[in-house]
There are 2 protein chains.
Amino acid sequence: MIDFATNPEQYKHWKLSFDGPVATLAMDVQEDGGMVPGYELKLNSYDLGVDIELHDAIQRLRFEHPEVKCVIITSAKERVFCAGANISMLGASTHAHKVNFCKFTNETRNGMEDASEFSDQRYICLINGTAAGGGYELALAADYIMLIDDGASTVSLPEVPLLAVLPGTGGLTRVVDKRYVRRDRADYFCTLAEGIKGKRALDWNLVDELVPRSKLMETAKERAREFAAASSRPDDATGIELKPLQREITGDKITYRHLSATIDRDGRSAEVMILAPDAEPAQSIEDIHAAGVDFWPLDFARQLDDFILHMRANEGEISTWVIRSSGNADFVEAGDHALLDNADDWLVREITLFMKRTFKRIDVSSRSVITLVEPGSCFTGTLMEFVLAADRSFMLDGVMEGSNLPAPTLRPTGMNFGPLPMCNGITRLETRFLDDQEKIDGLQGAIGNDLEAEAADEFGLITFAPDDIDWEDEVRIAIEERASFSTDALTGMEASLRFAGPETLETKIFGRLSAWQNWIFQRPNAVGEEGALKLYGTGKQSNFDKNRV
Amino acid sequence: MIDFATNPEQYKHWKLSFDGPVATLAMDVQEDGGMVPGYELKLNSYDLGVDIELHDAIQRLRFEHPEVKCVIITSAKERVFCAGANISMLGASTHAHKVNFCKFTNETRNGMEDASEFSDQRYICLINGTAAGGGYELALAADYIMLIDDGASTVSLPEVPLLAVLPGTGGLTRVVDKRYVRRDRADYFCTLAEGIKGKRALDWNLVDELVPRSKLMETAKERAREFAAASSRPDDATGIELKPLQREITGDKITYRHLSATIDRDGRSAEVMILAPDAEPAQSIEDIHAAGVDFWPLDFARQLDDFILHMRANEGEISTWVIRSSGNADFVEAGDHALLDNADDWLVREITLFMKRTFKRIDVSSRSVITLVEPGSCFTGTLMEFVLAADRSFMLDGVMEGSNLPAPTLRPTGMNFGPLPMCNGITRLETRFLDDQEKIDGLQGAIGNDLEAEAADEFGLITFAPDDIDWEDEVRIAIEERASFSTDALTGMEASLRFAGPETLETKIFGRLSAWQNWIFQRPNAVGEEGALKLYGTGKQSNFDKNRV
């Protein structure tokens, strides 16, 4: 089982150090520290285990270190920065693992950009040796790239010429769409196995600065302090320790404090139950900080995040997530108010951004999401995003016969109108009503109102509103039918329907780039017995089908 | 060999008729008229042959019928509009044919939207029976969709539930991004094999109007006349007949009047030579109309278009197109001036739009493009787009020893600054210099100037500028290296690097949607021995791998 929980004391591959507002995250991959046996992580090449630590470090830098305003990513090894994803690992991996690995590494790099853009925690990448493939792609996620000027160290994206696959962690997209490298130069660069160094790397904007070996860390620190000086992060705040999350997995049941799930293996689905807080969450900044990881929105986001990652990595056959909720909607609403009313506070900002990133993971999870709004549920504000993120939702119209629970309601809060945008840069409501701003305006007027099924339907928030006579059959059939379809077709369909509207670097990476990479990950030229990914390092020559598709 | 040339007298599958400003294009697919033996085109299902006729009709409606302001697409069959792409044909096709088929059908439907948006020739789709899959996708390309209200006829996208593939002709994208169908409704619709009819189809915006059987054509004509009344197309202009194109194919040589190509099968490349006009093209509107298809820009666009389609369909192993030009740059420039100076004329507008669409085909052709700017070349204005569309370009710096030809130049014209946008809605120059409007402004100041290699390099127009000592080796190595790479990796890389900047319906279709479809077209759930596409119609049940990727 792949576990995404770790902490700095357990890191095998990264060294985290602090110097006032500047943190340094040094990659020092342990060769024999691979997640599974069968490959050696030479030359700072990485597998999912290395990236899980990177992801953990990035999260902790945001929450535990409000004083850190700039992070320098570098290598602790001599003459090599990072050789990218480990090829033997990729060559031996299943298609599903490769795709999931790329998805997580992409999210982690997007997270670095999120920290920079929204948390004023900038990233400098100090390339102190060769940066190849995923190594250079890691650098591309930083705000500022510094390259050692030693006449030898290059940056490169050698995937196409050496491995017959794409740079799968956003490299192609970022080269032309973030660093604005001219497309013909990008083409040349991406087919040049040996990469580009020195002045040409700078002239082509592949890096931002060249630094002599003798002044590497000195210059990086200087730049980092310049970035830090412009940051809005507080100097004297106290971080919130991301203590280990409580999770219990027994058989087909996964239980967190506010989220539990039961897996129906025959039905290929997971029944997920979201629980509202047991009491009103902290409301004042002081109380929120005092509550720390126990503050409901943060606690819940961590549980949801871990659950998504766990399901993706370990439960590939569970194709549909059926989401319910239960509890006091007032407490959920209070949690939203706490976030909205204290949006200027650094910690509250971090929590909201984390919630945003976690919901974004749902959108790119290649799992069908069906949300059920039943009596006793609390799909309010932040939790209403589960209804908006769903491929399909059902809301009971009225009450269940024989139950004394009142009819279920949806209750929008300010969280639905801005703080939780999707990868496409706009909210789920804006994506839902691309052509109909009036619908959004109307709903904004209903903030805090309890909307029963008829009103929710009128507002376009739910797909279907069966009454108690039809409820069970309709829901059962929808879930069963979903399980009967080809999972691949569902993935392609969902990826196409979920992201109407504008496109961003992120949607380009998850849509265009990842889709092409997934295609290539199936092609004999890459993964066949004579494919480049299979034969890499054996000395044997690939035998390509030369047909163009 | 697949030939894209046809004309209304040869149509087997479509009936074209005229009624003043309204044309009717009625689909009447001949069951035994498939392009290759082995399948029957039942229920107005189509193969590439059917779509080649549709494409031809759409082109002719624009050029030969300036008086047509609205086109009604309907079916000549009873109770069926169109059953979409023929499944047996798809099931029996190679991966490459499926992908190429989808690409061409996509371009044809994008062409309908282009006619509507830019030529004021609107499309109404009159769905007079069942419209399934590609049948409904054809309707989605129209401005206005009318559905017979007979209690039986539905619109549907049943690909996911029935065939384990995607609606591959833009359906998913257009449902959410053009018709703004809510994503959860779109999800439901796209998994509903039997489709949606009547009032729900209207309420969900899947169609624009319901019409009783008795008033079908009457109402359609009425709507068509309403659209026609708002059109800027001329009432009394005379169309230009698209006479057959002269083309000779002998062995590895393809020859048109202004374009010839020699195929190097071992090298997997085609050496393409573009020829400038032999004399100054017509300049006045009268002369342009009198020249008709012999007017150089139109003549050349037709040749280039046919060449691209031919190479894609028939020469899949020719992975690189090496493009040269030869002739008098002044004549090319004069052709551009003729287009720019008469941009308001309906025919000139059509020619420019056709040139735009043709260059767009290059961008999505999944072929590497290397452009060579040599002495004697004429990469001026419109032809300079071959330099900008290239993945890589080489321009000789200076002259060739022993030759009395002067150093080659590039000469920008107004055609490079607006009339020929890419699928992403902006010009190749804007895409090239996304972050640098100054570069574009500077180049605009050099319109009409001859830029030698140093200046062209300074302006960022070319990739490399070797001198005559290095030229041959540099160019040869680039072409040979290209041929050594995996064609699949090249396709994915080129698709990612070519479209920096904004995304549009078109780039979404060619990027996100097509890439996912290509992936799915490789998956056993669709195309394996027990895949849905293979077993469709046999009565056997597919056996899906249920893992989510």
# chains A, B, ... in the order shown; residues from 1 in each chain; ligands from 1
$ closest_atom_pairs --of "chain B" --to "chain A" --cutoff "6 Å" --atoms "only C-alpha atoms" --output "tab-separated table"
residue	atom	partner	partner_atom	distance
B:Ala96	CA	A:Val549	CA	4.7
B:Val160	CA	A:Ala489	CA	5.7
B:Pro161	CA	A:Phe485	CA	5.8
B:Ala164	CA	A:Ala489	CA	5.3
B:Val165	CA	A:Ala489	CA	5.3
B:Val176	CA	A:Ala500	CA	5.9
B:Asp177	CA	A:Ala500	CA	5.4
B:Arg182	CA	A:Arg432	CA	5.7
B:Arg183	CA	A:Leu497	CA	5.8
B:Asp184	CA	A:Arg392	CA	4.9
B:Gly316	CA	A:Arg548	CA	5.1
B:Glu317	CA	A:Asn547	CA	4.3
B:Asp391	CA	A:Asp184	CA	5.1
B:Arg392	CA	A:Asp184	CA	4.9
B:Arg432	CA	A:Arg182	CA	5.7
B:Phe485	CA	A:Pro161	CA	5.8
B:Ser486	CA	A:Ala164	CA	5.4
B:Thr487	CA	A:Arg548	CA	5.6
B:Ala489	CA	A:Ala164	CA	5.3
B:Gly492	CA	A:Trp516	CA	5.4
B:Leu497	CA	A:Arg183	CA	5.9
B:Ala500	CA	A:Asp177	CA	5.4
B:Gly511	CA	A:Arg512	CA	5.1
B:Arg512	CA	A:Arg512	CA	4.6
B:Ala515	CA	A:Trp516	CA	5.3
B:Trp516	CA	A:Ala515	CA	5.3
B:Trp519	CA	A:Trp519	CA	4.2
B:Lys546	CA	A:Glu317	CA	5.8
B:Asn547	CA	A:Glu317	CA	4.4
B:Arg548	CA	A:Gly316	CA	5.1
B:Val549	CA	A:Ala96	CA	4.7
$ residues_around --residues "segment 245-254 of chain B" --least-positions-apart "3" --cutoff "9 Å" --atoms "only C-alpha atoms" --output "PyMOL selection string"
chain B and resi 5+242+257+259-265+299+302-303+306-307
$ residues_around --residues "segment 411-417 of chain B" --least-positions-apart "2" --cutoff "8 Å" --atoms "only C-alpha atoms" --output "PDB file with C-alpha atoms, in the first residue's frame"
ATOM      1  CA  GLU B 333       3.675  40.014 -52.249  1.00  0.00           C
ATOM      2  CA  ASP B 336      -1.058  39.301 -50.678  1.00  0.00           C
ATOM      3  CA  LEU B 340      -5.532  42.753 -48.334  1.00  0.00           C
ATOM      4  CA  PHE B 379       8.940  33.144 -48.229  1.00  0.00           C
ATOM      5  CA  THR B 380       7.030  36.367 -48.375  1.00  0.00           C
ATOM      6  CA  GLY B 381       3.833  37.206 -46.507  1.00  0.00           C
ATOM      7  CA  THR B 382       1.467  34.272 -46.834  1.00  0.00           C
ATOM      8  CA  MET B 384       6.315  33.252 -44.711  1.00  0.00           C
ATOM      9  CA  GLU B 385       3.696  31.408 -42.679  1.00  0.00           C
ATOM     10  CA  THR B 409      15.325  37.005 -47.526  1.00  0.00           C
ATOM     11  CA  PRO B 419      -5.792  37.322 -41.552  1.00  0.00           C
ATOM     12  CA  LEU B 420      -4.246  33.901 -40.916  1.00  0.00           C
ATOM     13  CA  THR B 427      -1.665  34.651 -35.384  1.00  0.00           C
ATOM     14  CA  ARG B 428       1.468  32.547 -35.625  1.00  0.00           C
ATOM     15  CA  LEU B 429       3.486  35.650 -34.788  1.00  0.00           C
ATOM     16  CA  LEU B 443       8.242  43.494 -37.376  1.00  0.00           C
ATOM     17  CA  GLN B 444       5.128  45.329 -38.464  1.00  0.00           C
ATOM     18  CA  ALA B 446       9.380  46.030 -41.492  1.00  0.00           C
ATOM     19  CA  ILE B 447       6.432  45.083 -43.685  1.00  0.00           C
ATOM     20  CA  GLY B 448       7.621  44.943 -47.268  1.00  0.00           C
ATOM     21  CA  ASN B 449      11.276  44.871 -46.259  1.00  0.00           C
ATOM     22  CA  ASP B 450      13.615  42.112 -47.326  1.00  0.00           C
ATOM     23  CA  LEU B 451      15.114  40.638 -44.187  1.00  0.00           C
TER      24      LEU B 451
END
$ residues_around --residues "Leu43 of chain B" --least-positions-apart "5" --cutoff "9 Å" --atoms "only C-alpha atoms" --output "list in words"
Asp28, Val29, Glu31, Lys77, Val80, Phe81, Cys82, Ala83 and Gly84 of chain B
$ write_last_selection --atoms "C-alpha atoms" --output "short mmCIF file (atom, residue, chain, number, x, y, z; two decimals), in the first residue's frame"
data_model
loop_
_atom_site.label_atom_id
_atom_site.label_comp_id
_atom_site.auth_asym_id
_atom_site.auth_seq_id
_atom_site.Cartn_x
_atom_site.Cartn_y
_atom_site.Cartn_z
CA ASP B 28 -28.87 10.16 -48.23
CA VAL B 29 -26.07 7.71 -47.68
CA GLU B 31 -25.65 1.70 -48.11
CA LYS B 77 -34.26 9.33 -45.32
CA VAL B 80 -33.42 8.72 -39.40
CA PHE B 81 -31.23 11.75 -39.57
CA CYS B 82 -27.80 10.16 -39.17
CA ALA B 83 -26.48 7.27 -37.11
CA GLY B 84 -22.96 8.71 -36.91
#
$ select_by_dssp --residues "segment 52-279 of chain A" --states "strand (DSSP E)" --output "count of residues only"
54
$ residues_around --residues "Gly335 of chain B" --least-positions-apart "3" --cutoff "8 Å" --atoms "only C-alpha atoms" --output "JSON, numbers by chain"
{"B": [280, 281, 282, 283, 296, 297, 331, 332, 338, 339]}
$ write_last_selection --atoms "all heavy atoms" --output "short mmCIF file (atom, residue, chain, number, x, y, z; two decimals), in the first residue's frame"
data_model
loop_
_atom_site.label_atom_id
_atom_site.label_comp_id
_atom_site.auth_asym_id
_atom_site.auth_seq_id
_atom_site.Cartn_x
_atom_site.Cartn_y
_atom_site.Cartn_z
N GLU B 280 2.52 38.59 -62.01
CA GLU B 280 1.79 39.29 -60.96
C GLU B 280 0.33 38.83 -60.97
O GLU B 280 -0.33 38.89 -62.01
CB GLU B 280 1.85 40.80 -61.17
CG GLU B 280 1.20 41.55 -60.02
CD GLU B 280 1.25 43.06 -60.20
OE1 GLU B 280 0.32 43.61 -60.82
OE2 GLU B 280 2.21 43.67 -59.70
N PRO B 281 -0.19 38.37 -59.83
CA PRO B 281 -1.60 37.94 -59.78
C PRO B 281 -2.51 39.14 -59.99
O PRO B 281 -2.12 40.29 -59.80
CB PRO B 281 -1.76 37.38 -58.37
CG PRO B 281 -0.38 37.15 -57.86
CD PRO B 281 0.49 38.16 -58.53
N ALA B 282 -3.73 38.85 -60.39
CA ALA B 282 -4.75 39.89 -60.58
C ALA B 282 -4.79 40.81 -59.36
O ALA B 282 -4.63 40.36 -58.23
CB ALA B 282 -6.11 39.24 -60.80
N GLN B 283 -5.01 42.09 -59.61
CA GLN B 283 -5.00 43.07 -58.51
C GLN B 283 -6.37 43.68 -58.25
O GLN B 283 -6.69 44.01 -57.12
CB GLN B 283 -3.97 44.17 -58.80
CG GLN B 283 -2.52 43.68 -58.78
CD GLN B 283 -2.07 43.24 -57.38
OE1 GLN B 283 -2.13 44.02 -56.43
NE2 GLN B 283 -1.64 42.00 -57.26
N TRP B 296 -3.91 33.29 -58.21
CA TRP B 296 -2.87 32.52 -57.54
C TRP B 296 -3.17 32.14 -56.08
O TRP B 296 -3.04 30.96 -55.71
CB TRP B 296 -1.52 33.26 -57.61
CG TRP B 296 -0.42 32.42 -57.03
CD1 TRP B 296 0.21 31.38 -57.63
CD2 TRP B 296 0.14 32.51 -55.72
NE1 TRP B 296 1.13 30.82 -56.78
CE2 TRP B 296 1.11 31.50 -55.60
CE3 TRP B 296 -0.10 33.35 -54.62
CZ2 TRP B 296 1.85 31.31 -54.45
CZ3 TRP B 296 0.63 33.16 -53.47
CH2 TRP B 296 1.59 32.15 -53.38
N PRO B 297 -3.60 33.07 -55.23
CA PRO B 297 -3.82 32.67 -53.83
C PRO B 297 -4.85 31.53 -53.70
O PRO B 297 -4.67 30.62 -52.89
CB PRO B 297 -4.32 33.96 -53.17
CG PRO B 297 -3.71 35.06 -53.99
CD PRO B 297 -3.75 34.53 -55.40
N PHE B 331 5.87 38.77 -56.79
CA PHE B 331 4.56 38.27 -57.23
C PHE B 331 3.76 37.72 -56.03
O PHE B 331 2.54 37.85 -55.98
CB PHE B 331 4.74 37.18 -58.29
CG PHE B 331 5.35 37.67 -59.58
CD1 PHE B 331 5.96 36.79 -60.46
CD2 PHE B 331 5.33 39.03 -59.92
CE1 PHE B 331 6.52 37.23 -61.66
CE2 PHE B 331 5.89 39.48 -61.12
CZ PHE B 331 6.49 38.59 -61.98
N VAL B 332 4.49 37.11 -55.11
CA VAL B 332 3.80 36.62 -53.89
C VAL B 332 3.25 37.80 -53.11
O VAL B 332 2.10 37.80 -52.67
CB VAL B 332 4.78 35.81 -53.01
CG1 VAL B 332 4.08 35.34 -51.74
CG2 VAL B 332 5.35 34.62 -53.78
N ALA B 338 -3.31 41.95 -53.18
CA ALA B 338 -4.63 41.79 -53.80
C ALA B 338 -5.65 41.34 -52.76
O ALA B 338 -6.79 41.80 -52.74
CB ALA B 338 -4.55 40.78 -54.94
N LEU B 339 -5.24 40.43 -51.87
CA LEU B 339 -6.16 39.97 -50.82
C LEU B 339 -6.43 41.07 -49.80
O LEU B 339 -7.58 41.29 -49.39
CB LEU B 339 -5.56 38.75 -50.09
CG LEU B 339 -5.36 37.46 -50.92
CD1 LEU B 339 -4.74 36.38 -50.05
CD2 LEU B 339 -6.69 36.98 -51.49
#
$ residues_around --residues "Arg349 of chain A" --least-positions-apart "3" --cutoff "12 Å" --atoms "only C-alpha atoms" --output "MDAnalysis selection string"
chainID A and resid 62:63 66 114:115 118:120 232:233 285 288 297:298 338:346 352:356 419:420
$ write_last_selection --atoms "N, CA and C atoms" --output "PDB file, in the first residue's frame"
ATOM      1  N   ARG A  62       4.499  25.739   4.054  1.00  0.00           N
ATOM      2  CA  ARG A  62       3.405  26.709   4.037  1.00  0.00           C
ATOM      3  C   ARG A  62       2.757  26.843   5.409  1.00  0.00           C
ATOM      4  N   PHE A  63       2.564  25.726   6.081  1.00  0.00           N
ATOM      5  CA  PHE A  63       1.818  25.748   7.347  1.00  0.00           C
ATOM      6  C   PHE A  63       2.708  25.912   8.569  1.00  0.00           C
ATOM      7  N   PRO A  66       5.491  30.024   8.557  1.00  0.00           N
ATOM      8  CA  PRO A  66       4.998  31.287   7.989  1.00  0.00           C
ATOM      9  C   PRO A  66       6.133  32.274   7.742  1.00  0.00           C
ATOM     10  N   ASP A 114       1.368  27.533  -6.762  1.00  0.00           N
ATOM     11  CA  ASP A 114       0.277  28.048  -5.938  1.00  0.00           C
ATOM     12  C   ASP A 114       0.841  28.777  -4.712  1.00  0.00           C
ATOM     13  N   ALA A 115       1.877  28.193  -4.095  1.00  0.00           N
ATOM     14  CA  ALA A 115       2.503  28.833  -2.932  1.00  0.00           C
ATOM     15  C   ALA A 115       3.077  30.188  -3.317  1.00  0.00           C
ATOM     16  N   PHE A 118      -0.087  32.683  -4.488  1.00  0.00           N
ATOM     17  CA  PHE A 118      -1.130  33.044  -3.518  1.00  0.00           C
ATOM     18  C   PHE A 118      -0.641  33.182  -2.081  1.00  0.00           C
ATOM     19  N   SER A 119       0.493  32.550  -1.761  1.00  0.00           N
ATOM     20  CA  SER A 119       0.989  32.626  -0.382  1.00  0.00           C
ATOM     21  C   SER A 119       2.256  33.448  -0.274  1.00  0.00           C
ATOM     22  N   ASP A 120       2.690  34.025  -1.379  1.00  0.00           N
ATOM     23  CA  ASP A 120       3.917  34.834  -1.347  1.00  0.00           C
ATOM     24  C   ASP A 120       5.119  34.055  -0.822  1.00  0.00           C
ATOM     25  N   SER A 232       4.539  39.213   1.439  1.00  0.00           N
ATOM     26  CA  SER A 232       3.591  39.677   2.463  1.00  0.00           C
ATOM     27  C   SER A 232       3.507  38.716   3.641  1.00  0.00           C
ATOM     28  N   ARG A 233       4.276  37.650   3.632  1.00  0.00           N
ATOM     29  CA  ARG A 233       4.184  36.695   4.734  1.00  0.00           C
ATOM     30  C   ARG A 233       4.693  37.333   6.022  1.00  0.00           C
ATOM     31  N   ILE A 285      -9.453  34.686  15.112  1.00  0.00           N
ATOM     32  CA  ILE A 285      -8.105  34.326  14.666  1.00  0.00           C
ATOM     33  C   ILE A 285      -7.358  33.616  15.781  1.00  0.00           C
ATOM     34  N   ILE A 288      -8.629  30.119  16.144  1.00  0.00           N
ATOM     35  CA  ILE A 288      -8.265  29.298  14.986  1.00  0.00           C
ATOM     36  C   ILE A 288      -6.813  28.844  15.122  1.00  0.00           C
ATOM     37  N   PRO A 297     -11.933  23.116   9.265  1.00  0.00           N
ATOM     38  CA  PRO A 297     -11.635  23.183   7.826  1.00  0.00           C
ATOM     39  C   PRO A 297     -10.265  22.587   7.477  1.00  0.00           C
ATOM     40  N   LEU A 298      -9.273  22.846   8.316  1.00  0.00           N
ATOM     41  CA  LEU A 298      -7.941  22.290   8.043  1.00  0.00           C
ATOM     42  C   LEU A 298      -7.944  20.785   8.267  1.00  0.00           C
ATOM     43  N   ALA A 338     -15.674  31.443   9.437  1.00  0.00           N
ATOM     44  CA  ALA A 338     -14.369  31.642  10.069  1.00  0.00           C
ATOM     45  C   ALA A 338     -13.301  31.882   9.004  1.00  0.00           C
ATOM     46  N   LEU A 339     -13.390  31.145   7.906  1.00  0.00           N
ATOM     47  CA  LEU A 339     -12.409  31.331   6.815  1.00  0.00           C
ATOM     48  C   LEU A 339     -12.621  32.660   6.112  1.00  0.00           C
ATOM     49  N   LEU A 340     -13.875  32.977   5.825  1.00  0.00           N
ATOM     50  CA  LEU A 340     -14.174  34.184   5.054  1.00  0.00           C
ATOM     51  C   LEU A 340     -13.913  35.453   5.862  1.00  0.00           C
ATOM     52  N   ASP A 341     -14.236  35.396   7.151  1.00  0.00           N
ATOM     53  CA  ASP A 341     -14.106  36.599   7.976  1.00  0.00           C
ATOM     54  C   ASP A 341     -12.653  36.900   8.336  1.00  0.00           C
ATOM     55  N   ASN A 342     -11.806  35.881   8.217  1.00  0.00           N
ATOM     56  CA  ASN A 342     -10.397  36.079   8.588  1.00  0.00           C
ATOM     57  C   ASN A 342      -9.466  35.834   7.405  1.00  0.00           C
ATOM     58  N   ALA A 343      -9.969  36.150   6.220  1.00  0.00           N
ATOM     59  CA  ALA A 343      -9.242  35.780   5.002  1.00  0.00           C
ATOM     60  C   ALA A 343      -7.855  36.416   4.920  1.00  0.00           C
ATOM     61  N   ASP A 344      -7.633  37.503   5.655  1.00  0.00           N
ATOM     62  CA  ASP A 344      -6.329  38.165   5.591  1.00  0.00           C
ATOM     63  C   ASP A 344      -5.268  37.475   6.424  1.00  0.00           C
ATOM     64  N   ASP A 345      -5.693  36.660   7.330  1.00  0.00           N
ATOM     65  CA  ASP A 345      -4.725  35.982   8.198  1.00  0.00           C
ATOM     66  C   ASP A 345      -3.945  34.937   7.405  1.00  0.00           C
ATOM     67  N   TRP A 346      -2.666  34.852   7.640  1.00  0.00           N
ATOM     68  CA  TRP A 346      -1.834  33.947   6.820  1.00  0.00           C
ATOM     69  C   TRP A 346      -2.290  32.503   6.927  1.00  0.00           C
ATOM     70  N   THR A 352      -7.575  27.916   3.332  1.00  0.00           N
ATOM     71  CA  THR A 352      -8.476  28.064   2.185  1.00  0.00           C
ATOM     72  C   THR A 352      -7.809  27.583   0.895  1.00  0.00           C
ATOM     73  N   LEU A 353      -6.537  27.929   0.731  1.00  0.00           N
ATOM     74  CA  LEU A 353      -5.816  27.492  -0.470  1.00  0.00           C
ATOM     75  C   LEU A 353      -5.656  25.972  -0.498  1.00  0.00           C
ATOM     76  N   PHE A 354      -5.444  25.401   0.662  1.00  0.00           N
ATOM     77  CA  PHE A 354      -5.308  23.949   0.751  1.00  0.00           C
ATOM     78  C   PHE A 354      -6.645  23.291   0.382  1.00  0.00           C
ATOM     79  N   MET A 355      -7.714  23.873   0.883  1.00  0.00           N
ATOM     80  CA  MET A 355      -9.051  23.349   0.539  1.00  0.00           C
ATOM     81  C   MET A 355      -9.251  23.428  -0.978  1.00  0.00           C
ATOM     82  N   LYS A 356      -8.870  24.533  -1.551  1.00  0.00           N
ATOM     83  CA  LYS A 356      -8.970  24.700  -3.005  1.00  0.00           C
ATOM     84  C   LYS A 356      -8.190  23.617  -3.734  1.00  0.00           C
ATOM     85  N   PRO A 419     -13.390  31.617  -3.460  1.00  0.00           N
ATOM     86  CA  PRO A 419     -12.160  31.079  -2.852  1.00  0.00           C
ATOM     87  C   PRO A 419     -11.747  29.687  -3.331  1.00  0.00           C
ATOM     88  N   LEU A 420     -12.640  28.966  -3.992  1.00  0.00           N
ATOM     89  CA  LEU A 420     -12.322  27.587  -4.354  1.00  0.00           C
ATOM     90  C   LEU A 420     -12.394  27.355  -5.874  1.00  0.00           C
TER      91      LEU A 420
END
$ atom_distance --atom1 "atom CA of His65 of chain A" --atom2 "atom CA of Gly239 of chain A"
5.2 Å
$ atom_distance --atom1 "atom CA of Phe227 of chain A" --atom2 "atom CA of Lys103 of chain A"
29.0 Å
